[in-house]
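Have a look at data_29.csv below; it lists CSV, C-alpha atoms.
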chain,number,residue,atom,x,y,z
I,7,MET,CA,19.2,101.3,-9.5
I,8,ALA,CA,22.1,102.8,-7.4
I,9,ASN,CA,22.4,99.4,-5.6
I,10,CYS,CA,22.6,97.7,-9.0
I,11,SER,CA,25.3,100.1,-10.2
I,12,VAL,CA,27.2,99.7,-6.9
I,13,SER,CA,26.9,95.9,-7.2
I,14,GLN,CA,28.1,96.0,-10.8
I,15,LEU,CA,30.9,98.3,-9.8
I,16,GLN,CA,31.8,95.9,-7.0
I,17,GLN,CA,31.7,93.0,-9.4
I,18,LYS,CA,34.0,94.8,-11.8
I,19,ILE,CA,36.4,95.7,-9.0
I,20,GLU,CA,36.4,92.0,-7.9
I,21,MET,CA,37.0,91.0,-11.6
I,22,ILE,CA,39.9,93.4,-11.8
I,23,GLY,CA,41.4,92.0,-8.6
I,24,LYS,CA,41.0,88.4,-10.0
I,25,LEU,CA,42.6,89.4,-13.3
I,26,ARG,CA,45.5,91.1,-11.4
I,27,GLU,CA,46.0,87.9,-9.4
I,28,LYS,CA,46.1,85.9,-12.7
I,29,VAL,CA,48.5,88.4,-14.2
I,30,ASP,CA,50.8,88.0,-11.1
I,31,VAL,CA,50.6,84.2,-11.5
I,32,ILE,CA,51.5,84.5,-15.2
I,33,LYS,CA,54.3,86.9,-14.4
I,34,ALA,CA,55.7,84.4,-12.0
I,35,GLU,CA,55.4,81.6,-14.5
I,36,SER,CA,56.9,83.8,-17.2
I,37,LEU,CA,59.9,84.5,-14.9
I,38,LYS,CA,60.3,80.7,-14.3
I,39,TRP,CA,60.3,80.1,-18.1
I,40,LYS,CA,62.7,82.9,-18.7
I,41,GLU,CA,65.0,81.4,-16.0
I,42,GLY,CA,64.7,78.0,-17.8
I,43,MET,CA,65.5,79.7,-21.1
I,44,ASP,CA,68.5,81.3,-19.6
I,45,ARG,CA,69.6,78.0,-18.1
I,46,PHE,CA,69.2,76.3,-21.5
I,47,ALA,CA,71.2,79.1,-23.2
I,48,THR,CA,73.9,78.6,-20.6
I,49,GLU,CA,73.8,74.8,-21.2
I,50,LYS,CA,74.0,75.5,-24.9
I,51,GLU,CA,77.1,77.6,-24.5
I,52,ALA,CA,78.6,75.0,-22.2
I,53,ALA,CA,77.8,72.3,-24.8
I,54,ARG,CA,79.4,74.4,-27.5
I,55,ALA,CA,82.4,74.9,-25.3
I,56,GLN,CA,82.5,71.1,-24.7
I,57,LEU,CA,82.1,70.5,-28.4
I,58,SER,CA,85.0,72.8,-29.2
I,59,SER,CA,87.1,71.2,-26.5
I,60,ALA,CA,86.2,67.7,-27.8
I,61,GLU,CA,87.0,68.6,-31.3
I,62,ASN,CA,90.5,69.7,-30.3
I,63,HIS,CA,90.9,66.5,-28.3
I,64,LEU,CA,89.7,64.4,-31.2
I,65,GLN,CA,92.2,66.0,-33.5
I,66,SER,CA,95.0,64.9,-31.3
I,67,ILE,CA,93.6,61.4,-31.0
I,68,LYS,CA,93.3,61.1,-34.8
I,69,GLU,CA,97.0,61.9,-35.0
I,70,LYS,CA,97.9,59.2,-32.5
I,71,SER,CA,95.9,56.3,-33.7
I,72,SER,CA,93.6,55.2,-36.6
I,73,VAL,CA,92.0,52.7,-34.3
I,74,GLN,CA,90.6,55.5,-32.2
I,75,VAL,CA,89.1,57.3,-35.3
I,76,ARG,CA,85.9,55.3,-35.0
I,77,ARG,CA,85.6,56.1,-31.4
I,78,ILE,CA,86.1,59.8,-32.1
I,79,GLU,CA,83.4,59.8,-34.7
I,80,LYS,CA,81.0,58.3,-32.2
I,81,LEU,CA,81.9,61.0,-29.7
I,82,GLU,CA,81.4,63.7,-32.3
I,83,ALA,CA,78.0,62.3,-33.2
I,84,ARG,CA,77.0,62.2,-29.5
I,85,LEU,CA,78.1,65.8,-28.9
I,86,ALA,CA,76.3,67.0,-32.0
I,87,TYR,CA,73.2,65.2,-30.8
I,88,GLU,CA,73.5,66.8,-27.4
I,89,LEU,CA,74.0,70.2,-29.0
I,90,ALA,CA,71.0,69.8,-31.2
I,91,LYS,CA,69.0,68.6,-28.2
I,92,ALA,CA,70.1,71.6,-26.2
I,93,GLU,CA,69.2,73.9,-29.1
I,94,SER,CA,65.9,72.2,-29.5
I,95,ASP,CA,65.2,72.5,-25.8
I,96,THR,CA,66.2,76.1,-25.9
I,97,GLU,CA,63.9,76.9,-28.8
I,98,LYS,CA,61.0,75.0,-27.1
I,99,ALA,CA,61.6,77.0,-23.9
I,100,LYS,CA,61.7,80.2,-25.9
I,101,ALA,CA,58.5,79.3,-27.7
I,102,ASP,CA,56.8,78.5,-24.4
I,103,ALA,CA,58.1,81.7,-22.8
I,104,ASP,CA,56.8,83.7,-25.8
I,105,ALA,CA,53.4,82.0,-25.4
I,106,PHE,CA,53.3,82.9,-21.7
I,107,VAL,CA,54.4,86.5,-22.5
I,108,ALA,CA,51.6,86.7,-25.2
I,109,VAL,CA,49.0,85.5,-22.6
I,110,TYR,CA,50.4,87.9,-20.0
I,111,ARG,CA,50.1,90.8,-22.5
I,112,ALA,CA,46.6,89.8,-23.5
I,113,ASP,CA,45.6,89.6,-19.8
I,114,ALA,CA,47.3,92.9,-19.0
I,115,LYS,CA,45.5,94.5,-22.0
I,116,ALA,CA,42.2,93.0,-20.7
I,117,ALA,CA,42.9,94.3,-17.2
I,118,GLN,CA,43.7,97.7,-18.7
I,119,THR,CA,40.6,97.7,-20.8
I,120,LEU,CA,38.5,96.8,-17.7
I,121,GLU,CA,40.1,99.6,-15.8
I,122,GLU,CA,39.4,102.0,-18.6
I,123,ILE,CA,35.8,100.8,-18.7
I,124,HIS,CA,35.6,101.2,-15.0
I,125,ALA,CA,36.9,104.7,-15.2
I,126,ARG,CA,34.5,105.6,-18.0
I,127,GLY,CA,31.7,104.2,-16.0
I,128,PHE,CA,32.2,107.0,-13.4
I,129,ASN,CA,32.4,109.6,-16.2
I,130,LEU,CA,29.3,108.2,-17.9
I,131,THR,CA,27.4,108.4,-14.6
I,132,GLU,CA,28.2,112.1,-14.3
I,133,GLU,CA,27.3,112.6,-17.9
I,134,ILE,CA,24.0,110.8,-17.5
I,135,LYS,CA,23.2,112.8,-14.4
I,136,GLY,CA,24.0,116.0,-16.3
I,137,ASP,CA,21.8,114.9,-19.2
I,138,LYS,CA,18.9,114.1,-16.9
I,139,GLU,CA,19.2,117.6,-15.4
I,140,LEU,CA,19.2,119.1,-18.9
I,141,GLU,CA,16.2,117.1,-19.9
I,142,ALA,CA,14.3,118.2,-16.8
I,143,ASN,CA,15.2,121.8,-17.6
I,144,ALA,CA,14.1,121.4,-21.2
I,145,ALA,CA,10.9,119.8,-20.1
I,146,ALA,CA,10.2,122.7,-17.8
I,147,LEU,CA,10.9,125.2,-20.6
I,148,VAL,CA,8.6,123.3,-22.9
I,149,SER,CA,6.0,123.3,-20.2
I,150,ASN,CA,6.4,127.0,-19.7
I,151,ASP,CA,6.1,127.6,-23.5
I,152,ASP,CA,2.9,125.5,-23.5
I,153,ASP,CA,1.5,127.5,-20.6
I,154,GLU,CA,2.2,130.7,-22.5
I,155,ASP,CA,0.4,129.4,-25.5
I,156,ASP,CA,-2.6,128.4,-23.4
I,157,GLU,CA,-2.9,131.9,-22.0
I,158,SER,CA,-4.7,133.0,-25.2
I,159,LYS,CA,-7.5,130.5,-24.3
I,160,SER,CA,-10.1,131.1,-21.7
I,161,GLY,CA,-9.2,130.8,-18.0
I,162,SER,CA,-11.0,127.5,-17.6
I,163,GLU,CA,-9.5,126.0,-20.7
I,164,SER,CA,-5.9,127.1,-20.0
I,165,GLY,CA,-5.8,125.8,-16.4
I,166,GLU,CA,-6.0,129.3,-14.9
I,167,GLU,CA,-8.0,130.0,-11.8
I,168,PRO,CA,-10.7,132.7,-12.0
I,169,ASP,CA,-8.3,135.1,-10.2
I,170,GLY,CA,-5.7,134.7,-13.0
I,171,GLU,CA,-3.3,132.3,-11.3
I,172,GLU,CA,-2.2,129.2,-13.1
I,173,THR,CA,-2.6,125.8,-11.6
I,174,THR,CA,-0.7,122.6,-12.3
I,175,PRO,CA,-1.9,119.1,-12.0
I,176,GLY,CA,-0.3,118.6,-8.6
I,177,ASP,CA,-1.4,121.9,-7.0
I,178,ASN,CA,-4.6,120.5,-5.5
I,179,GLN,CA,-2.8,117.5,-3.9
I,180,ASP,CA,-1.2,117.5,-0.5
I,181,THR,CA,2.4,116.6,-0.5

Is it possible to give me this structure as structure tokens?
Amino acid sequence: MANCSVSQLQQKIEMIGKLREKVDVIKAESLKWKEGMDRFATEKEAARAQLSSAENHLQSIKEKSSVQVRRIEKLEARLAYELAKAESDTEKAKADADAFVAVYRADAKAAQTLEEIHARGFNLTEEIKGDKELEANAAALVSNDDDEDDESKSGSESGEEPDGEETTPGDNQDT
């Protein structure tokens, strides 16, 4: 039984180790996604700056020539598309990072729960040991009470020797 508990404990320790490795992998992936999200945010700001710059440039071009107005409108549409794309990519990266963070938190909580279960296992072992000792003491007390009740019976019925000493079922056996 002790070997079984040690084996189970070893399995739990190995499982915790594996979970910690998974958590480390998820942390690394999460950092990559965060870096990607930061990069997309930077690109978004750069795209906004480009858009602002382009708008100023387009304004001056509109003043110079009506022929170039169509060209400017195309450029505005392209920049708006790039900005929308950058925002969409940023939102997707954020959603992916949030998903990885949620998985990381769930794994971390599972690892913490396993550690708590592991810690309780030791406490329960001590409690079980203490309970068994209490049960043995209680059984001994009940046995003593039964023996006292049996003293009112005759010597042969109560398990007493003719000289008045009590015998127990294991007294006649060699140990």

Among listed residues I:Arg54, I:Lys100, I:His124, I:Arg111, nearest Lys18 of chain I (using all atoms listed in the file):
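Smallest distance to Lys18 of chain I is found for I:His124.
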
Residues at most 10 Å from Ala99 of chain I, counting all atoms listed in the file, excluding those fewer than 3 positions away in the same chain, as a PyMOL selection string?
chain I and resi 39-47+93-96+102-105

Counting only C-alpha atoms, which of I:Ile123, I:Val12, I:Leu89, I:Ala101 gets nearest to Ala52 of chain I?
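Closest residue, counting only C-alpha atoms: I:Leu89.
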
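Across I:Asn143, I:Gln118, I:Ser13, I:Asn150, the tightest approach to Arg26 of chain I is made by I:Gln118 when counting only C-alpha atoms.
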
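Distance annotation: of I:Ala146, I:Ala53, I:Ile32, I:Ala108, the residue with the minimal separation from Ala92 of chain I is I:Ala53; atom set is only C-alpha atoms.
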
Need the shell around Ala116 of chain I: protein/DNA/RNA residues with any atom at most 12 Å away, counting all atoms listed in the file. Skip same-chain ones fewer than 4 positions apart. Format as a list in words?
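Those residues are Met21, Ile22, Lys24, Leu25, Arg26, Lys28, Val29, Val109, Tyr110, Arg111, Ala112, Leu120, Glu121, Glu122, Ile123 and His124 of chain I.
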
Next, the residues of the selection above should be written as an mmCIF file, in the frame of the given file with C-alpha atoms.
data_model
loop_
_atom_site.group_PDB
_atom_site.id
_atom_site.type_symbol
_atom_site.label_atom_id
_atom_site.label_comp_id
_atom_site.auth_asym_id
_atom_site.auth_seq_id
_atom_site.Cartn_x
_atom_site.Cartn_y
_atom_site.Cartn_z
ATOM 1 C CA MET I 21 37.000 91.000 -11.600
ATOM 2 C CA ILE I 22 39.900 93.400 -11.800
ATOM 3 C CA LYS I 24 41.000 88.400 -10.000
ATOM 4 C CA LEU I 25 42.600 89.400 -13.300
ATOM 5 C CA ARG I 26 45.500 91.100 -11.400
ATOM 6 C CA LYS I 28 46.100 85.900 -12.700
ATOM 7 C CA VAL I 29 48.500 88.400 -14.200
ATOM 8 C CA VAL I 109 49.000 85.500 -22.600
ATOM 9 C CA TYR I 110 50.400 87.900 -20.000
ATOM 10 C CA ARG I 111 50.100 90.800 -22.500
ATOM 11 C CA ALA I 112 46.600 89.800 -23.500
ATOM 12 C CA LEU I 120 38.500 96.800 -17.700
ATOM 13 C CA GLU I 121 40.100 99.600 -15.800
ATOM 14 C CA GLU I 122 39.400 102.000 -18.600
ATOM 15 C CA ILE I 123 35.800 100.800 -18.700
ATOM 16 C CA HIS I 124 35.600 101.200 -15.000
#

Considering only C-alpha atoms, state which residue in the set I:Leu64, I:Ala117, I:Ala125, I:Leu57 is at the smallest distance from Glu88 of chain I.
I:Leu57

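The coordinates place atom CA of Gln56 of chain I at 8.1 Å from atom CA of Leu85 of chain I.
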
Can you tell me how far atom CA of Ser66 of chain I sits from atom CA of Thr48 of chain I, in Å to one decimal?
27.3 Å

Atom-to-atom span, atom CA of His63 of chain I and atom CA of Lys80 of chain I, Å:
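Computed distance, atom CA of His63 of chain I to atom CA of Lys80 of chain I, equals 13.4 Å.
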
Kindly complete segment 21-53 of chain I to N, CA and C atoms; the output should be written as a PDB file, keeping the file's coordinate frame.
ATOM      1  N   MET I  21      36.480  91.569 -10.341  1.00  0.00           N
ATOM      2  CA  MET I  21      37.000  91.000 -11.600  1.00  0.00           C
ATOM      3  C   MET I  21      38.410  91.495 -11.838  1.00  0.00           C
ATOM      4  N   ILE I  22      38.598  92.779 -11.639  1.00  0.00           N
ATOM      5  CA  ILE I  22      39.900  93.400 -11.800  1.00  0.00           C
ATOM      6  C   ILE I  22      40.910  92.768 -10.865  1.00  0.00           C
ATOM      7  N   GLY I  23      40.483  92.593  -9.631  1.00  0.00           N
ATOM      8  CA  GLY I  23      41.400  92.000  -8.600  1.00  0.00           C
ATOM      9  C   GLY I  23      41.748  90.549  -9.049  1.00  0.00           C
ATOM     10  N   LYS I  24      40.758  89.795  -9.526  1.00  0.00           N
ATOM     11  CA  LYS I  24      41.000  88.400 -10.000  1.00  0.00           C
ATOM     12  C   LYS I  24      41.991  88.436 -11.166  1.00  0.00           C
ATOM     13  N   LEU I  25      41.747  89.344 -12.087  1.00  0.00           N
ATOM     14  CA  LEU I  25      42.600  89.400 -13.300  1.00  0.00           C
ATOM     15  C   LEU I  25      44.042  89.823 -12.842  1.00  0.00           C
ATOM     16  N   ARG I  26      44.144  90.705 -11.873  1.00  0.00           N
ATOM     17  CA  ARG I  26      45.500  91.100 -11.400  1.00  0.00           C
ATOM     18  C   ARG I  26      46.175  89.892 -10.768  1.00  0.00           C
ATOM     19  N   GLU I  27      45.416  89.074 -10.034  1.00  0.00           N
ATOM     20  CA  GLU I  27      46.000  87.900  -9.400  1.00  0.00           C
ATOM     21  C   GLU I  27      46.492  86.939 -10.561  1.00  0.00           C
ATOM     22  N   LYS I  28      45.676  86.780 -11.594  1.00  0.00           N
ATOM     23  CA  LYS I  28      46.100  85.900 -12.700  1.00  0.00           C
ATOM     24  C   LYS I  28      47.320  86.490 -13.394  1.00  0.00           C
ATOM     25  N   VAL I  29      47.363  87.792 -13.546  1.00  0.00           N
ATOM     26  CA  VAL I  29      48.500  88.400 -14.200  1.00  0.00           C
ATOM     27  C   VAL I  29      49.766  88.154 -13.314  1.00  0.00           C
ATOM     28  N   ASP I  30      49.621  88.242 -11.994  1.00  0.00           N
ATOM     29  CA  ASP I  30      50.800  88.000 -11.100  1.00  0.00           C
ATOM     30  C   ASP I  30      51.224  86.538 -11.256  1.00  0.00           C
ATOM     31  N   VAL I  31      50.275  85.617 -11.367  1.00  0.00           N
ATOM     32  CA  VAL I  31      50.600  84.200 -11.500  1.00  0.00           C
ATOM     33  C   VAL I  31      51.357  84.018 -12.863  1.00  0.00           C
ATOM     34  N   ILE I  32      50.840  84.644 -13.892  1.00  0.00           N
ATOM     35  CA  ILE I  32      51.500  84.500 -15.200  1.00  0.00           C
ATOM     36  C   ILE I  32      52.845  85.155 -15.215  1.00  0.00           C
ATOM     37  N   LYS I  33      52.976  86.281 -14.503  1.00  0.00           N
ATOM     38  CA  LYS I  33      54.300  86.900 -14.400  1.00  0.00           C
ATOM     39  C   LYS I  33      55.278  85.931 -13.745  1.00  0.00           C
ATOM     40  N   ALA I  34      54.840  85.288 -12.673  1.00  0.00           N
ATOM     41  CA  ALA I  34      55.700  84.400 -12.000  1.00  0.00           C
ATOM     42  C   ALA I  34      56.100  83.187 -12.901  1.00  0.00           C
ATOM     43  N   GLU I  35      55.094  82.664 -13.611  1.00  0.00           N
ATOM     44  CA  GLU I  35      55.400  81.600 -14.500  1.00  0.00           C
ATOM     45  C   GLU I  35      56.300  82.034 -15.655  1.00  0.00           C
ATOM     46  N   SER I  36      56.074  83.230 -16.122  1.00  0.00           N
ATOM     47  CA  SER I  36      56.900  83.800 -17.200  1.00  0.00           C
ATOM     48  C   SER I  36      58.362  83.900 -16.710  1.00  0.00           C
ATOM     49  N   LEU I  37      58.536  84.349 -15.459  1.00  0.00           N
ATOM     50  CA  LEU I  37      59.900  84.500 -14.900  1.00  0.00           C
ATOM     51  C   LEU I  37      60.548  83.072 -14.818  1.00  0.00           C
ATOM     52  N   LYS I  38      59.763  82.071 -14.425  1.00  0.00           N
ATOM     53  CA  LYS I  38      60.300  80.700 -14.300  1.00  0.00           C
ATOM     54  C   LYS I  38      60.752  80.250 -15.738  1.00  0.00           C
ATOM     55  N   TRP I  39      59.906  80.509 -16.737  1.00  0.00           N
ATOM     56  CA  TRP I  39      60.300  80.100 -18.100  1.00  0.00           C
ATOM     57  C   TRP I  39      61.488  80.859 -18.597  1.00  0.00           C
ATOM     58  N   LYS I  40      61.568  82.105 -18.240  1.00  0.00           N
ATOM     59  CA  LYS I  40      62.700  82.900 -18.700  1.00  0.00           C
ATOM     60  C   LYS I  40      63.987  82.338 -17.996  1.00  0.00           C
ATOM     61  N   GLU I  41      63.889  81.985 -16.712  1.00  0.00           N
ATOM     62  CA  GLU I  41      65.000  81.400 -16.000  1.00  0.00           C
ATOM     63  C   GLU I  41      65.428  80.078 -16.704  1.00  0.00           C
ATOM     64  N   GLY I  42      64.416  79.290 -17.061  1.00  0.00           N
ATOM     65  CA  GLY I  42      64.700  78.000 -17.800  1.00  0.00           C
ATOM     66  C   GLY I  42      65.349  78.284 -19.105  1.00  0.00           C
ATOM     67  N   MET I  43      64.872  79.301 -19.798  1.00  0.00           N
ATOM     68  CA  MET I  43      65.500  79.700 -21.100  1.00  0.00           C
ATOM     69  C   MET I  43      66.901  80.102 -20.905  1.00  0.00           C
ATOM     70  N   ASP I  44      67.156  80.887 -19.872  1.00  0.00           N
ATOM     71  CA  ASP I  44      68.500  81.300 -19.600  1.00  0.00           C
ATOM     72  C   ASP I  44      69.415  80.123 -19.253  1.00  0.00           C
ATOM     73  N   ARG I  45      68.850  79.197 -18.477  1.00  0.00           N
ATOM     74  CA  ARG I  45      69.600  78.000 -18.100  1.00  0.00           C
ATOM     75  C   ARG I  45      69.937  77.176 -19.373  1.00  0.00           C
ATOM     76  N   PHE I  46      68.943  77.032 -20.257  1.00  0.00           N
ATOM     77  CA  PHE I  46      69.200  76.300 -21.500  1.00  0.00           C
ATOM     78  C   PHE I  46      70.220  77.007 -22.370  1.00  0.00           C
ATOM     79  N   ALA I  47      70.182  78.328 -22.393  1.00  0.00           N
ATOM     80  CA  ALA I  47      71.200  79.100 -23.200  1.00  0.00           C
ATOM     81  C   ALA I  47      72.559  78.852 -22.593  1.00  0.00           C
ATOM     82  N   THR I  48      72.664  78.825 -21.257  1.00  0.00           N
ATOM     83  CA  THR I  48      73.900  78.600 -20.600  1.00  0.00           C
ATOM     84  C   THR I  48      74.425  77.150 -20.928  1.00  0.00           C
ATOM     85  N   GLU I  49      73.489  76.220 -20.867  1.00  0.00           N
ATOM     86  CA  GLU I  49      73.800  74.800 -21.200  1.00  0.00           C
ATOM     87  C   GLU I  49      74.267  74.713 -22.649  1.00  0.00           C
ATOM     88  N   LYS I  50      73.599  75.476 -23.502  1.00  0.00           N
ATOM     89  CA  LYS I  50      74.000  75.500 -24.900  1.00  0.00           C
ATOM     90  C   LYS I  50      75.382  75.964 -25.101  1.00  0.00           C
ATOM     91  N   GLU I  51      75.713  77.056 -24.425  1.00  0.00           N
ATOM     92  CA  GLU I  51      77.100  77.600 -24.500  1.00  0.00           C
ATOM     93  C   GLU I  51      78.073  76.596 -23.936  1.00  0.00           C
ATOM     94  N   ALA I  52      77.695  75.972 -22.838  1.00  0.00           N
ATOM     95  CA  ALA I  52      78.600  75.000 -22.200  1.00  0.00           C
ATOM     96  C   ALA I  52      78.768  73.795 -23.188  1.00  0.00           C
ATOM     97  N   ALA I  53      77.678  73.400 -23.835  1.00  0.00           N
ATOM     98  CA  ALA I  53      77.800  72.300 -24.800  1.00  0.00           C
ATOM     99  C   ALA I  53      78.650  72.688 -25.982  1.00  0.00           C
TER     100      ALA I  53
END
